[in-house]
$ cat final_15.cif   # mmCIF, C-alpha atoms
data_query
loop_
_atom_site.label_atom_id
_atom_site.label_comp_id
_atom_site.auth_asym_id
_atom_site.auth_seq_id
_atom_site.Cartn_x
_atom_site.Cartn_y
_atom_site.Cartn_z
CA MET B 6 31.35 -12.29 -36.65
CA LEU B 7 32.33 -9.24 -34.66
CA ALA B 8 31.23 -6.94 -37.44
CA ALA B 9 27.82 -8.64 -37.52
CA LEU B 10 27.27 -8.17 -33.82
CA PRO B 11 26.53 -4.44 -33.82
CA ARG B 12 24.13 -4.88 -36.69
CA GLU B 13 22.22 -7.62 -34.87
CA LEU B 14 22.25 -5.57 -31.74
CA LEU B 15 20.92 -2.60 -33.65
CA GLN B 16 18.24 -4.75 -35.20
CA SER B 17 17.02 -6.15 -31.90
CA LEU B 18 17.16 -2.67 -30.40
CA ARG B 19 15.08 -1.42 -33.26
CA ALA B 20 12.60 -4.26 -32.83
CA ALA B 21 12.29 -3.43 -29.13
CA LEU B 22 11.72 0.24 -29.94
CA GLU B 23 9.11 -0.70 -32.53
CA ALA B 24 7.29 -2.89 -30.03
CA LEU B 25 7.36 -0.08 -27.47
CA GLY B 26 6.04 2.36 -30.04
CA ALA B 27 3.28 -0.01 -31.15
CA TYR B 28 2.26 -0.54 -27.53
CA SER B 29 2.22 3.20 -26.87
CA LEU B 30 0.14 3.94 -29.95
CA PHE B 31 -2.31 1.15 -29.11
CA GLY B 32 -2.52 2.37 -25.52
CA ALA B 33 -3.07 5.96 -26.64
CA ARG B 34 -5.84 4.81 -28.98
CA LEU B 35 -7.53 2.92 -26.15
CA PHE B 36 -7.39 5.99 -23.92
CA MET B 37 -8.90 8.11 -26.69
CA GLU B 38 -11.77 5.63 -26.87
CA LEU B 39 -12.28 5.65 -23.11
CA PRO B 40 -15.17 8.17 -22.80
CA ARG B 41 -17.16 6.46 -25.54
CA ALA B 42 -16.49 2.99 -24.08
CA LEU B 43 -17.89 4.05 -20.72
CA LEU B 44 -21.24 4.63 -22.41
CA ARG B 45 -21.53 0.91 -23.15
CA PHE B 46 -21.28 -0.03 -19.51
CA ASP B 47 -23.19 -3.29 -20.02
CA LEU B 48 -20.30 -4.65 -22.09
CA ILE B 49 -17.83 -3.64 -19.37
CA VAL B 50 -19.96 -5.37 -16.74
CA THR B 51 -19.87 -8.60 -18.75
CA GLN B 52 -16.09 -8.36 -19.00
CA MET B 53 -15.70 -7.56 -15.32
CA HIS B 54 -17.62 -10.76 -14.71
CA ASN B 55 -15.14 -12.66 -16.88
CA THR B 56 -11.95 -11.11 -15.53
CA GLY B 57 -12.98 -10.20 -12.00
CA ALA B 58 -15.77 -12.35 -10.65
CA LEU B 59 -14.46 -15.55 -12.23
CA SER B 60 -10.96 -14.88 -10.84
CA LEU B 61 -12.32 -14.53 -7.31
CA VAL B 62 -11.85 -18.15 -6.26
CA ILE B 63 -8.20 -18.36 -7.24
CA ILE B 64 -7.48 -14.91 -5.79
CA MET B 65 -9.12 -15.71 -2.46
CA LEU B 66 -7.49 -19.12 -2.19
CA SER B 67 -4.05 -17.71 -3.03
CA GLY B 68 -4.56 -14.80 -0.66
CA LEU B 69 -5.43 -17.14 2.17
CA PHE B 70 -2.37 -19.30 1.64
CA VAL B 71 0.02 -16.38 1.08
CA GLY B 72 -1.27 -14.86 4.32
CA MET B 73 -0.88 -18.15 6.16
CA VAL B 74 2.69 -18.58 4.92
CA LEU B 75 3.38 -14.99 5.93
CA GLY B 76 2.03 -15.83 9.37
CA LEU B 77 4.33 -18.84 9.70
CA GLN B 78 7.46 -17.25 8.27
CA GLY B 79 6.87 -13.93 9.99
CA PHE B 80 6.34 -15.64 13.33
CA ASP B 81 9.49 -17.71 12.95
CA LEU B 82 11.53 -14.63 12.04
CA LEU B 83 10.07 -12.22 14.58
CA GLU B 84 10.28 -14.75 17.41
CA ARG B 85 14.07 -14.67 17.09
CA PHE B 86 13.98 -10.99 18.04
CA GLY B 87 11.31 -11.56 20.66
CA SER B 88 8.94 -9.26 18.83
CA GLU B 89 6.30 -11.71 17.58
CA ASP B 90 3.64 -9.25 18.74
CA SER B 91 4.32 -7.15 15.67
CA LEU B 92 3.42 -10.06 13.39
CA GLY B 93 0.20 -8.24 12.46
CA THR B 94 2.13 -5.16 11.37
CA ALA B 95 4.58 -7.18 9.32
CA ALA B 96 1.86 -9.22 7.62
CA ALA B 97 -0.40 -6.23 6.92
CA LEU B 98 2.36 -4.02 5.51
CA GLY B 99 3.80 -6.86 3.44
CA LEU B 100 0.43 -7.73 1.99
CA LEU B 101 -0.85 -4.19 1.43
CA LYS B 102 2.26 -2.72 -0.12
CA GLU B 103 3.88 -5.61 -1.92
CA LEU B 104 2.39 -9.08 -2.02
CA GLY B 105 -1.23 -8.08 -2.55
CA PRO B 106 -0.74 -6.01 -5.72
CA VAL B 107 2.11 -8.09 -7.18
CA VAL B 108 0.79 -11.62 -6.60
CA THR B 109 -2.69 -10.56 -7.67
CA ALA B 110 -1.25 -9.05 -10.86
CA LEU B 111 0.69 -12.23 -11.64
CA LEU B 112 -2.37 -14.40 -11.00
CA PHE B 113 -4.47 -11.95 -13.00
CA ALA B 114 -2.09 -12.26 -15.94
CA GLY B 115 -2.30 -16.05 -15.71
CA ARG B 116 -6.04 -16.34 -15.18
CA ALA B 117 -7.64 -13.34 -16.91
CA GLY B 118 -4.86 -12.09 -19.21
CA THR B 119 -4.50 -15.41 -21.01
CA ALA B 120 -8.27 -15.71 -21.38
CA LEU B 121 -8.45 -12.25 -22.95
CA ALA B 122 -5.51 -12.85 -25.27
CA SER B 123 -6.65 -16.25 -26.50
CA GLU B 124 -10.23 -15.06 -26.97
CA LEU B 125 -9.15 -12.07 -29.04
CA GLY B 126 -6.60 -14.20 -30.89
CA LEU B 127 -9.26 -16.74 -31.81
CA MET B 128 -11.56 -13.95 -32.94
CA ARG B 129 -8.74 -12.76 -35.18
CA ALA B 130 -7.97 -16.29 -36.42
CA THR B 131 -11.61 -17.05 -37.23
CA ASP B 132 -12.02 -13.70 -39.01
CA GLN B 133 -14.62 -12.45 -36.55
CA LEU B 134 -12.75 -9.16 -36.21
CA ALA B 135 -12.60 -8.79 -40.00
CA ALA B 136 -16.33 -9.52 -40.20
CA MET B 137 -17.01 -6.73 -37.73
CA GLU B 138 -14.97 -4.32 -39.80
CA MET B 139 -17.01 -5.33 -42.86
CA MET B 140 -20.16 -4.42 -40.96
CA ALA B 141 -18.63 -1.04 -40.13
CA VAL B 142 -18.31 -2.00 -36.45
CA ASP B 143 -14.99 -0.94 -35.01
CA PRO B 144 -13.64 -4.07 -33.28
CA VAL B 145 -11.43 -1.96 -31.02
CA ARG B 146 -14.45 -0.09 -29.77
CA ARG B 147 -16.82 -3.05 -29.57
CA VAL B 148 -14.53 -5.90 -28.49
CA VAL B 149 -11.18 -4.63 -27.21
CA MET B 150 -12.25 -1.63 -25.12
CA PRO B 151 -14.73 -3.36 -22.79
CA ARG B 152 -12.15 -6.07 -22.07
CA PHE B 153 -9.44 -3.52 -21.37
CA VAL B 154 -11.61 -1.35 -19.11
CA GLY B 155 -13.15 -4.33 -17.33
CA GLY B 156 -9.74 -5.80 -16.60
CA ALA B 157 -8.30 -2.49 -15.41
CA LEU B 158 -11.26 -1.94 -13.08
CA SER B 159 -11.22 -5.49 -11.69
CA MET B 160 -7.59 -5.50 -10.69
CA PRO B 161 -7.63 -3.04 -7.71
CA LEU B 162 -10.71 -4.76 -6.31
CA LEU B 163 -9.08 -8.17 -6.62
CA ALA B 164 -5.92 -6.89 -4.92
CA ALA B 165 -7.94 -5.44 -2.03
CA ILE B 166 -9.75 -8.75 -1.57
CA PHE B 167 -6.41 -10.57 -1.71
CA SER B 168 -4.90 -8.34 0.99
CA MET B 169 -7.92 -8.63 3.26
CA ILE B 170 -8.07 -12.42 3.02
CA GLY B 171 -4.30 -12.56 3.47
CA ILE B 172 -4.44 -10.60 6.71
CA PHE B 173 -7.07 -13.00 8.01
CA GLY B 174 -4.86 -15.90 6.91
CA ALA B 175 -1.92 -14.47 8.85
CA GLN B 176 -4.19 -13.93 11.84
CA LEU B 177 -5.40 -17.51 11.57
CA ILE B 178 -1.87 -18.92 11.79
CA GLY B 179 -0.32 -16.29 14.07
CA VAL B 180 -3.08 -16.01 16.63
CA GLN B 181 -4.89 -19.33 16.51
CA LEU B 182 -1.96 -21.65 15.88
CA MET B 183 1.17 -19.88 17.14
CA GLY B 184 -0.42 -18.12 20.06
CA VAL B 185 0.35 -14.47 19.31
CA ASP B 186 -1.92 -12.33 21.45
CA SER B 187 -4.97 -11.35 19.43
CA GLY B 188 -5.15 -7.84 20.92
CA GLN B 189 -1.47 -7.17 20.23
CA PHE B 190 -1.81 -8.49 16.68
CA TRP B 191 -4.60 -6.07 15.77
CA SER B 192 -3.62 -3.06 17.86
CA GLN B 193 0.01 -3.00 16.74
CA MET B 194 -1.19 -3.36 13.16
CA ARG B 195 -3.58 -0.45 13.57
CA ALA B 196 -0.95 1.71 15.22
CA ALA B 197 1.64 1.14 12.50
CA VAL B 198 -0.35 0.98 9.27
CA GLU B 199 -1.35 4.32 7.82
CA PRO B 200 -3.94 5.17 5.16
CA GLY B 201 -1.01 6.03 2.88
CA ASP B 202 0.11 2.41 2.96
CA VAL B 203 -3.31 1.26 1.76
CA MET B 204 -3.20 3.94 -0.93
CA GLU B 205 0.21 2.74 -2.07
CA GLY B 206 -1.24 -0.71 -2.69
CA VAL B 207 -4.27 0.70 -4.49
CA VAL B 208 -2.11 2.87 -6.76
CA LYS B 209 0.12 -0.09 -7.54
CA SER B 210 -2.74 -2.40 -8.35
CA CYS B 211 -4.40 0.23 -10.58
CA VAL B 212 -1.16 0.61 -12.56
CA PHE B 213 -0.72 -3.18 -12.77
CA GLY B 214 -4.33 -3.57 -13.86
CA VAL B 215 -3.91 -1.12 -16.74
CA ALA B 216 -0.58 -2.68 -17.75
CA CYS B 217 -1.75 -6.32 -17.63
CA SER B 218 -5.00 -5.59 -19.47
CA LEU B 219 -3.23 -3.55 -22.11
CA ILE B 220 -0.68 -6.31 -22.72
CA ALA B 221 -3.37 -8.99 -22.91
CA VAL B 222 -5.59 -7.14 -25.39
CA TYR B 223 -2.62 -5.97 -27.46
CA GLU B 224 -1.13 -9.45 -27.79
CA GLY B 225 -4.52 -10.99 -28.54
CA TYR B 226 -5.57 -8.33 -31.02
CA HIS B 227 -2.25 -8.43 -32.88
CA SER B 228 -1.75 -12.19 -32.82
CA LEU B 229 -1.09 -14.10 -36.03
CA PRO B 230 -4.33 -15.63 -37.31
CA THR B 231 -3.15 -19.22 -36.85
CA ALA B 232 -3.40 -21.80 -34.08
CA GLU B 233 0.27 -21.25 -33.36
CA GLY B 234 -0.19 -17.49 -33.35
CA VAL B 235 -2.92 -17.70 -30.72
CA GLY B 236 -0.76 -19.95 -28.57
CA ARG B 237 2.17 -17.60 -28.91
CA ALA B 238 0.02 -14.58 -28.03
CA THR B 239 -1.12 -16.33 -24.85
CA THR B 240 2.42 -17.20 -23.83
CA ARG B 241 3.71 -13.72 -24.60
CA THR B 242 0.91 -12.23 -22.51
CA VAL B 243 2.01 -14.11 -19.40
CA VAL B 244 5.73 -13.55 -19.95
CA ILE B 245 5.52 -9.85 -20.79
CA SER B 246 2.95 -9.15 -18.06
CA SER B 247 5.08 -10.83 -15.38
CA VAL B 248 8.23 -8.98 -16.35
CA VAL B 249 6.46 -5.64 -16.71
CA VAL B 250 4.68 -6.06 -13.36
CA LEU B 251 7.94 -6.77 -11.55
CA LEU B 252 9.73 -3.87 -13.29
CA LEU B 253 6.87 -1.45 -12.57
CA ASP B 254 6.73 -2.71 -9.00
CA TYR B 255 10.33 -1.74 -8.42
CA MET B 256 9.86 1.69 -9.95
CA LEU B 257 6.62 2.40 -8.09
CA THR B 258 8.14 1.26 -4.81
CA ALA B 259 11.17 3.48 -5.35
CA VAL B 260 8.92 6.46 -6.10
CA MET B 261 6.42 5.99 -3.29
CA LEU B 262 8.56 4.68 -0.45
CA MET R 16 -31.90 -12.56 -20.47
CA ARG R 17 -31.55 -14.89 -17.53
CA GLN R 18 -27.90 -15.33 -18.33
CA THR R 19 -27.15 -11.60 -18.40
CA ARG R 20 -28.90 -11.21 -15.05
CA ALA R 21 -26.73 -13.94 -13.58
CA ILE R 22 -23.67 -12.18 -14.94
CA GLU R 23 -24.80 -8.87 -13.50
CA LEU R 24 -25.47 -10.50 -10.14
CA GLY R 25 -22.03 -12.12 -10.11
CA THR R 26 -20.33 -8.86 -11.08
CA GLY R 27 -22.32 -6.93 -8.51
CA LEU R 28 -21.26 -9.36 -5.79
CA PHE R 29 -17.65 -9.10 -6.92
CA VAL R 30 -17.68 -5.29 -6.92
CA LEU R 31 -19.42 -5.22 -3.54
CA LEU R 32 -16.86 -7.61 -2.07
CA GLY R 33 -14.02 -5.55 -3.56
CA PHE R 34 -15.23 -2.30 -2.09
CA ALA R 35 -16.01 -3.98 1.22
CA ALA R 36 -12.41 -5.20 1.28
CA LEU R 37 -11.09 -1.70 0.53
CA PHE R 38 -13.32 -0.24 3.22
CA PHE R 39 -12.13 -2.86 5.69
CA LEU R 40 -8.48 -2.13 4.88
CA VAL R 41 -8.89 1.63 5.26
CA THR R 42 -10.99 1.64 8.41
CA GLN R 43 -9.97 -1.45 10.33
CA ILE R 44 -6.29 -1.83 9.57
CA THR R 45 -5.15 1.79 9.74
CA ASN R 46 -4.81 4.13 12.69
CA ARG R 47 -7.49 6.64 11.87
CA GLU R 48 -9.18 7.03 15.21
CA PHE R 49 -10.38 10.56 14.64
CA GLY R 50 -12.00 10.08 11.27
CA LEU R 51 -11.16 12.69 8.67
CA GLY R 52 -10.98 14.97 11.68
CA ASP R 53 -11.26 18.70 11.32
CA GLY R 54 -12.85 18.53 14.74
CA GLY R 55 -11.02 19.44 17.89
CA TYR R 56 -8.72 22.32 18.69
CA ARG R 57 -5.05 23.14 18.18
CA LEU R 58 -2.35 23.53 20.79
CA SER R 59 1.30 24.27 20.24
CA ALA R 60 4.44 23.70 22.25
CA SER R 61 8.09 24.52 21.69
CA PHE R 62 10.73 21.89 22.25
CA GLU R 63 14.48 22.20 22.26
CA GLN R 64 14.74 18.73 20.74
CA VAL R 65 11.96 16.70 19.14
CA GLY R 66 14.06 13.63 18.34
CA GLY R 67 12.18 11.25 16.05
CA LEU R 68 8.72 12.73 16.55
CA LYS R 69 6.66 12.67 13.35
CA PRO R 70 3.41 14.34 12.27
CA GLY R 71 0.59 11.90 13.03
CA ALA R 72 2.18 10.70 16.26
CA PRO R 73 -0.26 10.35 19.15
CA VAL R 74 -0.70 12.91 21.92
CA SER R 75 -1.63 11.20 25.15
CA MET R 76 -2.52 11.89 28.75
CA SER R 77 -1.91 9.05 31.18
CA GLY R 78 -1.70 6.74 28.17
CA VAL R 79 -5.05 7.75 26.70
CA THR R 80 -4.71 9.08 23.16
CA ILE R 81 -6.36 12.51 23.09
CA GLY R 82 -5.02 13.85 19.80
CA ARG R 83 -2.37 13.76 17.11
CA VAL R 84 0.69 15.79 16.19
CA GLU R 85 -0.30 17.89 13.20
CA ALA R 86 2.90 19.67 12.21
CA ILE R 87 6.48 20.15 13.31
CA GLU R 88 8.24 23.34 12.24
CA TYR R 89 11.35 25.23 13.19
CA ASP R 90 10.72 28.52 14.93
CA PHE R 91 13.46 31.06 14.22
CA ASP R 92 12.22 33.49 16.89
CA GLU R 93 12.83 31.08 19.72
CA TYR R 94 15.32 28.83 17.94
CA GLU R 95 13.30 25.81 18.96
CA ALA R 96 11.05 23.27 17.24
CA ARG R 97 7.39 24.20 17.32
CA VAL R 98 5.02 21.23 17.50
CA THR R 99 1.37 21.81 16.59
CA MET R 100 -1.08 19.28 18.01
CA ARG R 101 -4.74 18.72 17.27
CA ILE R 102 -6.65 17.65 20.37
CA ASP R 103 -10.05 15.99 20.18
CA HIS R 104 -12.81 18.28 21.43
CA ARG R 105 -13.87 15.72 24.04
CA PHE R 106 -10.69 16.54 25.94
CA ASP R 107 -11.21 20.26 26.42
CA ARG R 108 -10.27 20.58 30.07
CA ILE R 109 -6.48 20.51 30.03
CA PRO R 110 -5.19 22.93 32.70
CA GLU R 111 -3.15 25.76 31.24
CA ASP R 112 -0.09 24.97 33.37
CA SER R 113 0.11 21.41 32.05
CA ASP R 114 3.46 20.22 30.76
CA ALA R 115 4.25 18.43 27.51
CA GLY R 116 7.07 15.96 27.00
CA ILE R 117 8.26 13.73 24.20
CA PHE R 118 8.52 10.09 25.17
CA THR R 119 9.20 6.78 23.46
CA ALA R 120 6.64 3.98 23.55
CA GLY R 121 8.47 0.84 24.58
CA LEU R 122 12.11 0.24 23.81
CA LEU R 123 11.76 0.32 20.04
CA GLY R 124 8.38 2.02 19.68
CA GLY R 125 7.55 5.31 18.04
CA GLN R 126 7.70 8.63 19.86
CA TYR R 127 4.68 10.42 21.21
CA VAL R 128 3.80 13.60 23.09
CA GLY R 129 2.75 12.99 26.68
CA ILE R 130 0.82 15.70 28.54
CA GLY R 131 0.91 15.84 32.31
CA PRO R 132 -1.97 17.86 33.79
CA GLY R 133 -1.20 20.90 35.94
CA GLY R 134 -3.31 22.32 38.74
CA SER R 135 -4.74 25.46 37.16
CA GLU R 136 -8.47 26.19 37.05
CA THR R 137 -8.25 27.76 33.58
CA PHE R 138 -8.07 25.45 30.60
CA LEU R 139 -6.12 25.52 27.36
CA ALA R 140 -8.12 26.55 24.30
CA GLU R 141 -7.67 26.80 20.52
CA GLY R 142 -4.29 28.25 19.53
CA ASP R 143 -2.76 28.31 23.02
CA GLN R 144 0.87 27.55 23.54
CA MET R 145 1.98 25.23 26.32
CA GLN R 146 4.57 26.83 28.59
CA PHE R 147 6.30 23.87 30.17
CA THR R 148 7.98 21.39 27.86
CA GLN R 149 10.44 18.58 28.21
CA SER R 150 12.56 17.68 25.22
CA ALA R 151 12.98 14.26 23.68
CA VAL R 152 15.79 12.22 25.11
CA VAL R 153 18.42 11.50 22.49
CA LEU R 154 19.95 8.16 23.27
CA GLU R 155 23.39 9.07 21.90
CA ASP R 156 23.54 12.11 24.20
CA LEU R 157 22.68 9.95 27.17
CA ILE R 158 25.31 7.37 26.31
CA SER R 159 28.01 9.97 25.73
CA LYS R 160 27.15 11.71 28.99
CA PHE R 161 27.29 8.40 30.81
CA LEU R 162 30.65 7.49 29.28
CA PHE R 163 32.00 10.96 29.96
CA SER R 164 30.96 10.87 33.61
CA LYS R 165 32.47 7.38 33.96
CA ALA R 166 35.73 8.63 32.49
CA THR R 167 35.94 11.65 34.80
CA GLU R 168 35.04 9.45 37.76
CA GLU R 169 37.82 7.06 36.90
CA SER R 170 40.43 9.75 36.40
CA ALA R 171 39.28 11.46 39.58
CA GLY R 172 39.55 8.13 41.40
CA LYS R 173 43.03 7.59 40.07
CA ALA R 174 44.06 11.11 41.03
CA SER R 175 42.82 10.61 44.60
CA GLU R 176 44.63 7.27 44.81
CA GLU R 177 47.85 8.85 43.66
CA ALA R 178 47.53 11.94 45.79
CA PRO R 179 48.36 10.48 49.25
CA GLN R 180 51.69 9.08 48.13
#
$ encode --input "final_15.cif" --output "structure tokens"
Amino acid sequence: MLAALPRELLQSLRAALEALGAYSLFGARLFMELPRALLRFDLIVTQMHNTGALSLVIIMLSGLFVGMVLGLQGFDLLERFGSEDSLGTAAALGLLKELGPVVTALLFAGRAGTALASELGLMRATDQLAAMEMMAVDPVRRVVMPRFVGGALSMPLLAAIFSMIGIFGAQLIGVQLMGVDSGQFWSQMRAAVEPGDVMEGVVKSCVFGVACSLIAVYEGYHSLPTAEGVGRATTRTVVISSVVVLLLDYMLTAVML
Amino acid sequence: MRQTRAIELGTGLFVLLGFAALFFLVTQITNREFGLGDGGYRLSASFEQVGGLKPGAPVSMSGVTIGRVEAIEYDFDEYEARVTMRIDHRFDRIPEDSDAGIFTAGLLGGQYVGIGPGGSETFLAEGDQMQFTQSAVVLEDLISKFLFSKATEESAGKASEEAPQ
């Protein structure tokens, strides 16, 4: 029992290393294809429609409610210190630096990542990818790349929309409902928030966009060609994306703070 | 064909909204009042103590923001902190005997440079150094001074009580 433990540990460690290596190689291949993929911009536009424009409703709705909750909770907390005037600052910084990129990435993984993974998985299961290879069309170039690039480009835009709507949500609750002074709300926010804070959010969401899109297309492209395989690829996309986003978030915060 | 146009329209709207949101966040939420700002002119002032003053802090006259702190360095010739400020060109009539001080906005607010106008007829220009400065107040210094003076007062009081006997 005890003797078997190191071997199992080694095996799982090896499997983890293999997965990391496969991801890196796949990612490197996608980056090599990047200049050529940008030439087929019409395909990217279609994918940005799928991942970005169709995610707008859920992103905007979530942003509004996250901002409203932030307004309520922030007001309750700040009122105890008698500093409810800085509600705008608290809401804006929280949304720009943390909640905007992270919640958008998690929603993105759930809404767009799963769609990408299951679509690619079904293409694999129904031999569409194999058919493309037979016709000397590289499926990575024709199918995977536009989805990857479209997803990576959509993510920062979605996060910016999320943050903006969230700030209005916080304003709605803080100013209209709780009676924080509107001038104080905006002026304190403007005085405290710096362009670097906005940049921090943009950098984060770009990194999350690349990571989530890469995971989705990798899992879909490498899924087992069965109904179960497609389902598993979809689940793995959400699980891995969520964990990776939270891990990356900690590291990026530690670096940029 | 109609379908691809609908897709392009939807994507275009999405991208437009995204960039509008980014633009809103950068211009409306942040404190960039002077644009990218190479405009204006530079003044410098030496302070014995700058406290928590940071680059980017406002420079104000009577509460009106007229510029920003650009850099804070240590000057080994004078053994003081040298603060470089960029003043907007609209405010180009600051008398040369004006004084600069470092103050705190509110009880917990950030620190800023306040300029009090002097009475001279000549005005400060690019690169000038302000002569009269007042250092930042360090709260710990104030408290320790206060406690120290209390203590000496008390011991002096005791001594005078004991003396007549």
$ resolve_selection --input "final_15.cif" --expression "the PyMOL selection byres ((chain B) within 8 of (chain R))" --output "ChimeraX atom specification"
/B:50-51,53-54,57-58,61,97,162-163,165-166,169,191,194-200,203
$ atom_distance --input "final_15.cif" --atom1 "CA of Gly214 in chain B" --atom2 "CA of Leu229 in chain B"
24.8 Å
$ residues_around --input "final_15.cif" --residues "range 144-153 of chain R" --least-positions-apart "3" --cutoff "8 Å" --atoms "only C-alpha atoms" --output "ChimeraX atom specification"
/R:58-66,111-118,156-157
$ residues_near_point --input "final_15.cif" --point "(-9.0, -14.1, -32.9)" --cutoff "12 Å" --atoms "only C-alpha atoms" --output "number ranges by chain"
B: 120-137, 144, 148-149, 222-236, 238-239
$ atom_distance --input "final_15.cif" --atom1 "CA of Ile49 in chain B" --atom2 "CA of Lys209 in chain B"
21.8 Å
$ resolve_selection --input "final_15.cif" --expression "the PyMOL selection byres ((chain R and resi 90) around 12)" --output "PyMOL selection string"
chain R and resi 59-63+87-89+91-99
$ closest_residue --input "final_15.cif" --among "B:Leu77, B:Cys217, B:Val260, B:Ala164" --to "Gln181 in chain B" --atoms "all atoms listed in the file"
B:Leu77
$ closest_residue --input "final_15.cif" --among "B:Gly118, B:Gly174, B:Pro161, B:Gly184" --to "Ile245 in chain B" --atoms "only C-alpha atoms"
B:Gly118
$ closest_residue --input "final_15.cif" --among "B:Ile63, B:Leu75, B:Ile220, B:Leu14" --to "Thr94 in chain B" --atoms "only C-alpha atoms"
B:Leu75
$ atom_distance --input "final_15.cif" --atom1 "CA of Ile158 in chain R" --atom2 "CA of Ile130 in chain R"
26.0 Å
$ resolve_selection --input "final_15.cif" --expression "the PyMOL selection byres ((chain B and resi 31) around 12)" --output "list in words"
Ala24, Leu25, Gly26, Ala27, Tyr28, Ser29, Leu30, Gly32, Ala33, Arg34, Leu35, Phe36, Met37, Glu38, Val145, Val149, Met150, Phe153, Leu219, Ile220, Ala221, Val222, Tyr223, Glu224, Tyr226 and His227 of chain B
$ residues_around --input "final_15.cif" --residues "Ser210 in chain B" --least-positions-apart "5" --cutoff "10 Å" --atoms "only C-alpha atoms" --output "number ranges by chain"
B: 102-103, 105-107, 109-110, 157-165, 204-205, 215-216, 250, 254
$ residues_around --input "final_15.cif" --residues "Thr80 in chain R" --least-positions-apart "6" --cutoff "10 Å" --atoms "only C-alpha atoms" --output "JSON, numbers by chain"
{"R": [48, 72, 73, 74, 102, 103, 106, 127, 128, 129]}
$ build_atoms --input "final_15.cif" --residues "range 53-66 of chain B" --atoms "N, CA and C atoms" --output "CSV table (one decimal), in the coordinates of the input"
chain,number,residue,atom,x,y,z
B,53,MET,N,-16.1,-7.5,-16.7
B,53,MET,CA,-15.7,-7.6,-15.3
B,53,MET,C,-16.1,-8.9,-14.7
B,54,HIS,N,-17.2,-9.4,-15.2
B,54,HIS,CA,-17.6,-10.8,-14.7
B,54,HIS,C,-16.6,-11.8,-15.1
B,55,ASN,N,-16.1,-11.7,-16.4
B,55,ASN,CA,-15.1,-12.7,-16.9
B,55,ASN,C,-13.8,-12.5,-16.2
B,56,THR,N,-13.3,-11.3,-16.1
B,56,THR,CA,-12.0,-11.1,-15.5
B,56,THR,C,-12.0,-11.0,-14.0
B,57,GLY,N,-13.0,-10.4,-13.4
B,57,GLY,CA,-13.0,-10.2,-12.0
B,57,GLY,C,-13.7,-11.3,-11.2
B,58,ALA,N,-15.0,-11.4,-11.5
B,58,ALA,CA,-15.8,-12.4,-10.6
B,58,ALA,C,-15.3,-13.8,-10.8
B,59,LEU,N,-14.9,-14.2,-12.0
B,59,LEU,CA,-14.5,-15.6,-12.2
B,59,LEU,C,-13.0,-15.8,-11.7
B,60,SER,N,-12.3,-14.7,-11.4
B,60,SER,CA,-11.0,-14.9,-10.8
B,60,SER,C,-11.0,-14.9,-9.3
B,61,LEU,N,-12.2,-14.7,-8.8
B,61,LEU,CA,-12.3,-14.5,-7.3
B,61,LEU,C,-11.8,-15.7,-6.6
B,62,VAL,N,-12.2,-16.9,-7.0
B,62,VAL,CA,-11.8,-18.2,-6.3
B,62,VAL,C,-10.3,-18.3,-6.1
B,63,ILE,N,-9.6,-18.2,-7.3
B,63,ILE,CA,-8.2,-18.4,-7.2
B,63,ILE,C,-7.5,-17.3,-6.4
B,64,ILE,N,-8.1,-16.0,-6.5
B,64,ILE,CA,-7.5,-14.9,-5.8
B,64,ILE,C,-7.7,-15.1,-4.3
B,65,MET,N,-8.9,-15.5,-3.9
B,65,MET,CA,-9.1,-15.7,-2.5
B,65,MET,C,-8.3,-16.9,-1.9
B,66,LEU,N,-8.2,-18.0,-2.7
B,66,LEU,CA,-7.5,-19.1,-2.2
B,66,LEU,C,-6.0,-18.8,-2.1
